[in-house]
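Data file: protein-v7.tsv. Format and content: TSV, C-alpha atoms (C1' of nucleotides).
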chain	number	residue	atom	x	y	z
A	298	MET	CA	-22.69	-23.57	20.91
A	299	ASP	CA	-24.14	-20.13	20.28
A	300	LYS	CA	-24.25	-18.95	16.72
A	301	LEU	CA	-22.40	-15.94	15.36
A	302	ILE	CA	-22.69	-14.49	11.90
A	303	VAL	CA	-19.68	-12.69	10.47
A	304	ILE	CA	-19.83	-10.30	7.54
A	305	LEU	CA	-16.47	-9.37	6.10
A	306	GLY	CA	-14.83	-8.15	2.93
A	307	PRO	CA	-12.59	-5.39	1.65
A	308	THR	CA	-13.37	-1.76	2.27
A	309	ALA	CA	-16.22	-0.35	0.18
A	310	SER	CA	-17.63	-3.76	-0.59
A	311	GLY	CA	-20.96	-3.12	1.12
A	312	LYS	CA	-20.55	-4.75	4.52
A	313	THR	CA	-22.47	-2.06	6.36
A	314	GLY	CA	-25.55	-2.27	4.17
A	315	LEU	CA	-25.62	-6.04	4.20
A	316	SER	CA	-25.20	-6.31	7.96
A	317	ILE	CA	-28.07	-3.91	8.60
A	318	LYS	CA	-30.24	-5.78	6.16
A	319	LEU	CA	-29.52	-9.11	7.82
A	320	ALA	CA	-30.01	-7.66	11.28
A	321	LYS	CA	-33.48	-6.46	10.34
A	322	ARG	CA	-34.41	-9.72	8.70
A	323	PHE	CA	-33.14	-12.02	11.45
A	324	ASN	CA	-33.73	-9.97	14.60
A	325	GLY	CA	-30.06	-9.18	14.96
A	326	GLU	CA	-27.68	-6.60	16.35
A	327	VAL	CA	-24.44	-5.58	14.73
A	328	VAL	CA	-21.00	-5.64	16.34
A	329	SER	CA	-18.58	-3.56	14.32
A	330	ALA	CA	-15.14	-5.02	13.60
A	331	ASP	CA	-13.49	-1.88	12.37
A	332	SER	CA	-10.39	-0.52	14.06
A	333	ARG	CA	-11.09	3.12	13.18
A	334	GLN	CA	-14.83	3.39	13.52
A	335	ILE	CA	-14.43	2.88	17.23
A	336	TYR	CA	-13.30	6.50	17.48
A	337	ARG	CA	-15.77	9.29	18.11
A	338	GLY	CA	-15.73	12.07	15.56
A	339	MET	CA	-14.00	10.03	12.89
A	340	ASP	CA	-17.11	9.67	10.80
A	341	ILE	CA	-16.71	10.76	7.21
A	342	GLY	CA	-13.23	9.37	6.67
A	343	THR	CA	-14.07	5.98	8.13
A	344	ALA	CA	-17.36	5.77	6.22
A	345	LYS	CA	-19.20	5.24	9.46
A	346	PRO	CA	-22.85	4.39	8.82
A	347	LEU	CA	-25.03	7.48	9.20
A	348	ASP	CA	-28.37	5.76	9.31
A	349	LEU	CA	-28.43	2.64	11.42
A	350	GLU	CA	-32.07	2.08	10.47
A	351	GLY	CA	-33.00	1.31	14.04
A	352	VAL	CA	-30.56	-1.59	14.29
A	353	ASN	CA	-28.54	-1.63	17.47
A	354	HIS	CA	-24.79	-1.27	16.84
A	355	TRP	CA	-21.90	-2.06	19.15
A	356	MET	CA	-18.26	-1.00	19.09
A	357	LEU	CA	-18.87	2.29	17.29
A	358	ASP	CA	-17.86	5.58	18.96
A	359	ILE	CA	-16.52	3.95	22.08
A	360	LYS	CA	-13.23	5.85	22.34
A	361	ASN	CA	-11.92	9.36	21.82
A	362	PRO	CA	-9.13	9.71	19.26
A	363	ASN	CA	-6.59	10.51	21.96
A	364	GLU	CA	-7.19	7.16	23.64
A	365	LEU	CA	-5.26	4.02	22.76
A	366	TYR	CA	-7.04	0.88	21.82
A	367	ALA	CA	-5.79	-2.46	20.59
A	368	VAL	CA	-6.80	-5.98	19.58
A	369	ALA	CA	-6.83	-7.60	23.00
A	370	GLU	CA	-9.13	-4.95	24.34
A	371	TYR	CA	-11.28	-5.19	21.26
A	372	LYS	CA	-11.61	-8.92	21.64
A	373	LYS	CA	-12.74	-8.62	25.23
A	374	ASP	CA	-15.28	-5.89	24.45
A	375	ALA	CA	-16.60	-7.52	21.30
A	376	VAL	CA	-17.07	-10.91	22.95
A	377	ALA	CA	-18.92	-9.24	25.82
A	378	ALA	CA	-21.16	-7.47	23.31
A	379	ILE	CA	-21.88	-10.69	21.46
A	380	GLU	CA	-22.77	-12.48	24.68
A	381	ASP	CA	-25.03	-9.63	25.64
A	382	ILE	CA	-26.85	-9.87	22.32
A	383	ILE	CA	-27.23	-13.64	22.68
A	384	SER	CA	-28.57	-13.33	26.20
A	385	LYS	CA	-31.35	-11.13	24.84
A	386	GLY	CA	-32.27	-13.87	22.42
A	387	LYS	CA	-31.10	-11.90	19.41
A	388	THR	CA	-28.72	-12.75	16.59
A	389	PRO	CA	-25.20	-11.32	16.80
A	390	ILE	CA	-23.67	-10.11	13.54
A	391	LEU	CA	-19.98	-9.28	13.58
A	392	ALA	CA	-19.28	-7.01	10.63
A	393	GLY	CA	-16.15	-5.25	9.52
A	394	GLY	CA	-12.92	-5.28	7.64
A	395	THR	CA	-10.24	-5.47	10.30
A	396	GLY	CA	-9.06	-9.02	9.78
A	397	LEU	CA	-7.08	-9.33	12.97
A	398	TYR	CA	-10.01	-8.14	15.08
A	399	ILE	CA	-12.31	-10.68	13.47
A	400	LYS	CA	-9.76	-13.43	13.88
A	401	ALA	CA	-9.31	-12.54	17.54
A	402	VAL	CA	-13.00	-13.22	18.15
A	403	VAL	CA	-13.61	-16.09	15.76
A	404	ASP	CA	-10.46	-18.03	16.63
A	405	ASN	CA	-10.52	-16.93	20.24
A	406	LEU	CA	-6.93	-15.73	20.10
A	407	ASP	CA	-5.15	-15.99	23.39
A	408	ILE	CA	-3.24	-12.75	23.18
A	409	PRO	CA	-0.34	-12.39	25.64
A	410	LYS	CA	-1.60	-10.24	28.48
A	411	VAL	CA	1.07	-7.63	28.18
A	412	GLU	CA	-0.08	-4.10	27.56
A	413	ALA	CA	1.78	-1.80	25.24
A	414	ASP	CA	4.63	-0.20	27.17
A	415	PRO	CA	5.39	3.12	25.47
A	416	VAL	CA	8.60	3.70	27.43
A	417	LEU	CA	10.03	0.30	26.58
A	418	ARG	CA	8.96	0.66	22.97
A	419	GLN	CA	10.71	3.98	22.71
A	420	LYS	CA	13.83	2.52	24.19
A	421	ILE	CA	13.87	-0.32	21.67
A	422	GLU	CA	13.19	2.13	18.86
A	423	LYS	CA	16.25	4.09	19.89
A	424	ASP	CA	18.36	0.93	19.77
A	425	LEU	CA	16.88	0.26	16.38
A	426	GLU	CA	18.02	3.64	15.14
A	427	LYS	CA	21.42	3.43	16.75
A	428	TYR	CA	22.48	-0.16	16.11
A	429	GLY	CA	20.22	-1.30	13.29
A	430	ILE	CA	17.50	-3.88	13.06
A	431	ASP	CA	19.82	-6.91	12.92
A	432	TYR	CA	21.18	-6.05	16.34
A	433	VAL	CA	17.72	-5.82	17.91
A	434	PHE	CA	16.58	-8.99	16.21
A	435	LYS	CA	19.61	-10.87	17.55
A	436	LYS	CA	18.82	-9.57	20.98
A	437	LEU	CA	15.35	-11.07	20.65
A	438	ILE	CA	16.45	-14.52	19.52
A	439	LYS	CA	18.96	-14.65	22.31
A	440	LEU	CA	16.06	-14.39	24.75
A	441	ASP	CA	13.63	-16.36	22.60
A	442	PRO	CA	15.38	-18.62	20.06
A	443	GLU	CA	12.09	-19.93	18.69
A	444	ALA	CA	11.16	-16.40	17.68
A	445	ALA	CA	13.63	-16.70	14.83
A	446	TYR	CA	11.08	-18.88	13.06
A	447	ILE	CA	7.98	-16.80	13.60
A	448	ILE	CA	9.11	-13.20	13.72
A	449	ASP	CA	9.93	-11.30	10.54
A	450	PRO	CA	13.56	-10.21	11.02
A	451	LYS	CA	12.96	-7.03	9.09
A	452	ASN	CA	9.76	-5.86	10.68
A	453	PRO	CA	10.48	-3.43	13.55
A	454	ARG	CA	6.99	-3.58	15.04
A	455	ARG	CA	6.87	-7.35	15.22
A	456	ILE	CA	10.30	-7.44	16.83
A	457	ILE	CA	9.41	-4.71	19.29
A	458	ARG	CA	6.27	-6.49	20.41
A	459	ALA	CA	8.02	-9.84	20.76
A	460	LEU	CA	10.73	-8.23	22.85
A	461	GLU	CA	8.19	-6.37	24.91
A	462	VAL	CA	6.30	-9.54	25.81
A	463	THR	CA	9.47	-11.55	26.41
A	464	LEU	CA	11.08	-8.93	28.62
A	465	LEU	CA	8.01	-8.08	30.67
A	466	THR	CA	6.85	-11.66	31.26
A	467	LYS	CA	10.34	-13.16	31.36
A	468	LYS	CA	8.95	-15.91	29.15
A	469	PRO	CA	9.50	-16.32	25.40
A	470	PHE	CA	6.95	-14.61	23.20
A	471	SER	CA	6.91	-17.57	20.84
A	472	ALA	CA	5.42	-19.78	23.55
A	473	GLN	CA	2.65	-17.37	24.46
A	474	ARG	CA	0.64	-17.07	21.27
A	475	LYS	CA	-2.19	-19.52	21.49
A	476	LEU	CA	-5.46	-20.35	19.84
A	477	GLY	CA	-8.26	-20.89	22.31
A	478	CYS	CA	-11.23	-23.17	21.88
A	479	PRO	CA	-13.86	-21.62	19.62
A	480	LEU	CA	-16.35	-19.50	21.53
A	481	PHE	CA	-19.05	-19.52	18.92
A	482	ASN	CA	-20.43	-21.54	16.06
A	483	VAL	CA	-19.52	-19.18	13.27
A	484	LEU	CA	-20.83	-18.56	9.79
A	485	GLU	CA	-18.40	-16.33	7.91
A	486	ILE	CA	-19.77	-14.57	4.87
A	487	GLY	CA	-17.42	-12.66	2.60
A	488	ILE	CA	-18.59	-10.14	0.06
A	489	ASP	CA	-16.93	-10.93	-3.23
A	490	THR	CA	-16.57	-7.83	-5.37
A	491	PRO	CA	-14.77	-7.84	-8.73
A	492	LYS	CA	-11.56	-5.86	-8.51
A	493	GLU	CA	-12.41	-3.34	-11.18
A	494	GLU	CA	-15.74	-2.60	-9.59
A	495	LEU	CA	-14.18	-2.25	-6.17
A	496	LYS	CA	-11.62	0.17	-7.52
A	497	LYS	CA	-14.35	2.33	-9.02
A	498	ARG	CA	-16.36	2.27	-5.81
A	499	ILE	CA	-13.33	3.33	-3.80
A	500	GLU	CA	-12.64	6.28	-6.08
A	501	LYS	CA	-16.24	7.35	-5.98
A	502	ARG	CA	-16.41	7.06	-2.23
A	503	VAL	CA	-13.28	9.14	-1.70
A	504	ASP	CA	-14.67	11.90	-3.90
A	505	GLN	CA	-17.89	11.79	-1.89
A	506	MET	CA	-15.99	12.04	1.38
A	507	ILE	CA	-14.49	15.35	0.28
A	508	GLY	CA	-17.91	16.57	-0.75
A	509	ALA	CA	-19.30	15.52	2.61
A	510	GLY	CA	-16.74	17.65	4.46
A	511	LEU	CA	-13.78	15.42	5.26
A	512	VAL	CA	-11.42	18.40	5.36
A	513	GLU	CA	-13.63	20.13	7.93
A	514	GLU	CA	-13.88	16.97	9.96
A	515	VAL	CA	-10.11	16.59	10.12
A	516	LYS	CA	-9.66	20.26	10.95
A	517	SER	CA	-11.98	20.12	13.91
A	518	LEU	CA	-10.47	16.86	15.13
A	519	ILE	CA	-6.91	18.19	15.15
A	520	ASN	CA	-8.12	21.38	16.77
A	521	LYS	CA	-9.48	19.31	19.58
A	522	TYR	CA	-6.83	16.61	19.92
A	523	GLY	CA	-3.72	17.78	18.06
A	524	LYS	CA	-2.50	15.94	15.04
A	525	ASN	CA	-0.22	13.40	16.69
A	526	GLN	CA	-2.77	10.81	17.69
A	527	GLN	CA	-2.43	7.16	16.80
A	528	ALA	CA	-6.06	7.18	15.69
A	529	PHE	CA	-5.21	9.69	12.98
A	530	ASP	CA	-2.74	7.32	11.39
A	531	ALA	CA	-5.65	6.29	9.25
A	532	ILE	CA	-6.33	6.53	5.56
A	533	GLY	CA	-8.03	9.79	4.71
A	534	TYR	CA	-6.84	11.48	7.88
A	535	ARG	CA	-3.07	11.46	7.52
A	536	GLU	CA	-3.31	12.67	3.91
A	537	ILE	CA	-5.66	15.52	4.78
A	538	ILE	CA	-3.36	16.46	7.67
A	539	ASN	CA	-0.51	16.69	5.16
A	540	PHE	CA	-2.69	18.90	3.00
A	541	LEU	CA	-3.53	21.16	5.96
A	542	ASP	CA	0.21	21.37	6.69
A	543	ASN	CA	0.73	22.55	3.12
A	544	LYS	CA	2.90	19.56	2.34
A	545	ILE	CA	0.69	18.48	-0.56
A	546	THR	CA	-2.21	19.91	-2.54
A	547	LEU	CA	-5.78	18.79	-2.00
A	548	GLU	CA	-5.67	17.07	-5.36
A	549	GLU	CA	-2.57	15.12	-4.38
A	550	ALA	CA	-4.19	14.22	-1.08
A	551	LEU	CA	-7.18	12.82	-2.93
A	552	GLU	CA	-4.99	10.73	-5.20
A	553	GLU	CA	-3.05	9.40	-2.24
A	554	ILE	CA	-6.19	8.50	-0.36
A	555	LYS	CA	-7.46	6.56	-3.35
A	556	ILE	CA	-4.22	4.65	-3.79
A	557	ASP	CA	-3.81	3.96	-0.07
A	558	THR	CA	-7.40	2.75	0.16
A	559	TRP	CA	-6.78	0.41	-2.75
A	560	HIS	CA	-3.66	-0.94	-1.10
A	561	TYR	CA	-5.63	-1.46	2.06
A	562	ALA	CA	-8.35	-3.33	0.19
A	563	ARG	CA	-5.71	-5.59	-1.34
A	564	ARG	CA	-4.18	-6.35	2.03
A	565	GLN	CA	-7.63	-7.21	3.34
A	566	MET	CA	-8.24	-9.58	0.45
A	567	THR	CA	-4.89	-11.26	1.03
A	568	TRP	CA	-5.77	-11.69	4.67
A	569	PHE	CA	-9.28	-13.08	4.10
A	570	ARG	CA	-8.23	-15.36	1.24
A	571	LYS	CA	-6.41	-17.56	3.73
A	572	ASP	CA	-9.52	-18.33	5.75
A	573	LYS	CA	-11.10	-21.30	3.99
A	574	ARG	CA	-14.23	-21.18	6.16
A	575	ILE	CA	-15.45	-18.03	4.48
A	576	CYS	CA	-18.42	-18.43	2.16
A	577	TRP	CA	-17.96	-15.90	-0.59
A	578	ILE	CA	-21.14	-14.39	-1.97
A	579	LYS	CA	-21.89	-12.17	-4.91
A	580	SER	CA	-25.37	-11.00	-3.94
A	581	PRO	CA	-27.19	-10.10	-0.72
A	582	THR	CA	-29.93	-12.64	-1.41
A	583	LYS	CA	-27.34	-15.39	-1.32
A	584	ALA	CA	-26.30	-14.13	2.11
A	585	GLU	CA	-29.87	-14.29	3.36
A	586	LYS	CA	-30.21	-17.87	2.19
A	587	LEU	CA	-26.98	-18.86	3.89
A	588	VAL	CA	-27.98	-17.23	7.14
A	589	LYS	CA	-31.45	-18.74	7.09
A	590	LYS	CA	-30.03	-22.21	6.65
A	591	PHE	CA	-27.41	-21.61	9.32
A	592	LEU	CA	-29.86	-20.41	11.93
B	279	G	C1'	12.29	29.93	-38.94
B	280	C	C1'	16.68	30.13	-35.56
B	281	C	C1'	19.02	28.75	-30.79
B	282	G	C1'	19.01	25.67	-26.41
B	283	A	C1'	17.30	21.34	-23.43
B	284	G	C1'	15.27	16.68	-23.67
B	285	G	C1'	12.99	11.89	-25.59
B	286	U	C1'	15.26	5.09	-21.16
B	287	A	C1'	9.64	0.53	-17.21
B	288	G	C1'	2.60	2.68	-16.53
B	289	C	C1'	4.65	7.64	-14.10
B	290	U	C1'	9.06	10.73	-12.33
B	291	C	C1'	13.97	10.20	-13.42
B	292	A	C1'	19.43	7.81	-12.85
B	293	G	C1'	23.13	5.53	-15.98
B	294	U	C1'	27.10	3.04	-19.11
B	295	G	C1'	31.24	1.59	-25.70
B	296	G	C1'	30.15	-4.94	-23.69
B	297	U	C1'	21.91	-5.62	-25.05
B	298	A	C1'	20.11	-1.36	-18.45
B	299	G	C1'	18.76	0.65	-12.90
B	300	A	C1'	15.93	3.55	-8.63
B	301	G	C1'	11.46	5.43	-6.37
B	302	C	C1'	6.28	5.18	-7.02
B	303	A	C1'	2.41	2.31	-9.53
B	304	C	C1'	1.22	-2.92	-10.55
B	305	U	C1'	1.02	-8.35	-8.77
B	306	G	C1'	1.75	-12.02	-4.84
B	307	C	C1'	2.70	-12.66	0.35
B	308	U	C1'	3.52	-12.13	6.10
B	309	C	C1'	0.85	-10.94	10.45
B	310	U	C1'	-1.57	-12.88	18.23
B	311	G	C1'	-2.07	-5.62	22.87
B	312	A	C1'	0.04	0.11	16.87
B	313	A	C1'	-3.53	-4.02	12.13
B	314	A	C1'	-6.86	1.73	7.90
B	315	A	C1'	-0.59	-0.20	11.28
B	316	A	C1'	4.22	-2.43	10.15
B	317	G	C1'	6.98	-5.42	6.83
B	318	C	C1'	8.69	-8.96	2.62
B	319	A	C1'	9.01	-10.65	-2.42
B	320	G	C1'	8.03	-10.54	-7.72
B	321	U	C1'	6.64	-8.96	-12.86
B	322	G	C1'	7.89	-5.26	-16.14
B	323	G	C1'	11.89	-1.77	-21.02
B	324	U	C1'	13.59	-4.14	-29.23
B	325	C	C1'	16.88	2.84	-23.98
B	326	G	C1'	11.85	7.93	-29.98
B	327	A	C1'	12.91	6.19	-35.48
B	328	A	C1'	16.38	5.25	-39.51
B	329	G	C1'	21.28	5.02	-41.14
B	330	G	C1'	26.80	5.16	-40.06
B	331	U	C1'	31.60	4.11	-37.17
B	332	C	C1'	33.12	-0.12	-34.26
B	333	C	C1'	34.43	-7.04	-32.88
B	334	G	C1'	30.29	-4.81	-30.22
B	335	A	C1'	26.06	1.06	-29.65
B	336	U	C1'	21.06	2.53	-25.32
B	337	U	C1'	25.90	5.23	-24.88
B	338	C	C1'	29.85	8.18	-30.38
B	339	C	C1'	28.40	10.56	-35.49
B	340	U	C1'	24.53	11.97	-39.25
B	341	U	C1'	19.56	12.49	-40.61
B	342	U	C1'	14.56	12.49	-39.04
B	343	C	C1'	10.10	12.80	-35.90
B	344	C	C1'	8.07	14.54	-31.24
B	345	U	C1'	8.00	17.57	-26.50
B	346	C	C1'	9.45	21.83	-23.59
B	347	G	C1'	11.83	26.60	-23.03
B	348	G	C1'	14.14	31.28	-25.37
B	349	C	C1'	14.55	34.53	-29.66
B	350	A	C1'	12.28	36.29	-33.96
Do you think you could lay out the structure here as structure tokens?
Amino acid sequence: MDKLIVILGPTASGKTGLSIKLAKRFNGEVVSADSRQIYRGMDIGTAKPLDLEGVNHWMLDIKNPNELYAVAEYKKDAVAAIEDIISKGKTPILAGGTGLYIKAVVDNLDIPKVEADPVLRQKIEKDLEKYGIDYVFKKLIKLDPEAAYIIDPKNPRRIIRALEVTLLTKKPFSAQRKLGCPLFNVLEIGIDTPKEELKKRIEKRVDQMIGAGLVEEVKSLINKYGKNQQAFDAIGYREIINFLDNKITLEEALEEIKIDTWHYARRQMTWFRKDKRICWIKSPTKAEKLVKKFL
RNA sequence: GCCGAGGUAGCUCAGUGGUAGAGCACUGCUCUGAAAAAGCAGUGGUCGAAGGUCCGAUUCCUUUCCUCGGCA
């Protein structure tokens, strides 16, 4: 089975630097696993790498912010990219912090082939508002009793998606989530950063983003696309939009970005902690050793 | 110095004569076409200090310290 190296970790842990380093050392190319860096023009706020140091990168700048994109599509594109890299005899390195995207590739998730249906979603959202979440949840378990065990009864998005799949396929959602056979022989490397250090790095990075012109970036993006794009529901963007709308001060926006980024990092750590295959490393040299042995 | 308002969780504030709550923060968790999204749970306070009344005070009374306004 073809080999795939995965670099993951919370935001601001140094994934970008490490993946470029490994790519240069092992004749590799990087496939980004970041749900926001796929958008063109969202550079500063997503900490998109400026200098790729000659390493070929995939899955960056592939969509405009007014286009929708989701896991299933990501999985398809990322797997194609990895296969392309392998066919050239090079080493694929999947690097990023979007846990679900990584899982989709590594565990070959068989995601129900039902696209998001905005009209249906809106309709369910209206029911949600009108009759409450319990009503909508009951409606779901009537169609898919098993869903009661796997869907969070209080999470609107999970319920909406389960209903969407069940209604459009006329088959229960609970029976359609499958793990496929692994596509690649995977080495997962996680960057282990002490919490206090990570917190400091996040704060520093947010301050640097403002210095680098995040406000200008957001301004020009909303000029071009308007502010109601799904892509802009991203840390650093929604807060600056609130600042530009005079809802909060720049200082408050900065504070919020720092806190939201920290919350995000914590969610990432919770997500990755579950995956027992991950080799956690404290230094880049350790990563090189692991990769060398693996290859 | 005088007058007024206030001191309750890390922060902003509710509240009651029967030893206290909310939001945010903090910690843990969930996740299969929105995932930087969307949700769930938990920890946490000798109620500024000291006296007094009362079976019982964070709540009432007195004194005291601190903060913020106004007047001198």
Shortest interatomic distance to chain B - which of A:Phe591, A:Tyr561, A:Phe540, A:Trp577, counting all atoms listed in the file: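 Smallest distance to chain B is found for A:Tyr561.
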Each residue of chain B lying at most 7 Å from chain A should get a row with its shortest atom-to-atom pair and the distance in Å to one decimal, counting all atoms listed in the file; could you produce that, ordered by chain and increasing number, as a tab-separated table?
residue	atom	partner	partner_atom	distance
B:U310	C1'	A:Ile408	CA	5.2
B:G311	C1'	A:Ala369	CA	5.2
B:A313	C1'	A:Leu397	CA	6.4
B:A314	C1'	A:Ala531	CA	4.9
B:A316	C1'	A:Arg454	CA	5.7
B:G317	C1'	A:Asn452	CA	4.8
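What separates C1' of A312 (chain B) from CA of Ser471 (chain A) is a distance of 19.4 Å.
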Residues within 12 Å of G347 (chain B), all atoms listed in the file, excluding chain neighbours under 3 positions, as a list in words: C281, G282, A283 and G284 of chain B
Separation of CA of His354 (chain A) from CA of Tyr336 (chain A) in Å: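 Straight-line distance from CA of Tyr336 (chain A) to CA of His354 (chain A) works out to 13.9 Å.
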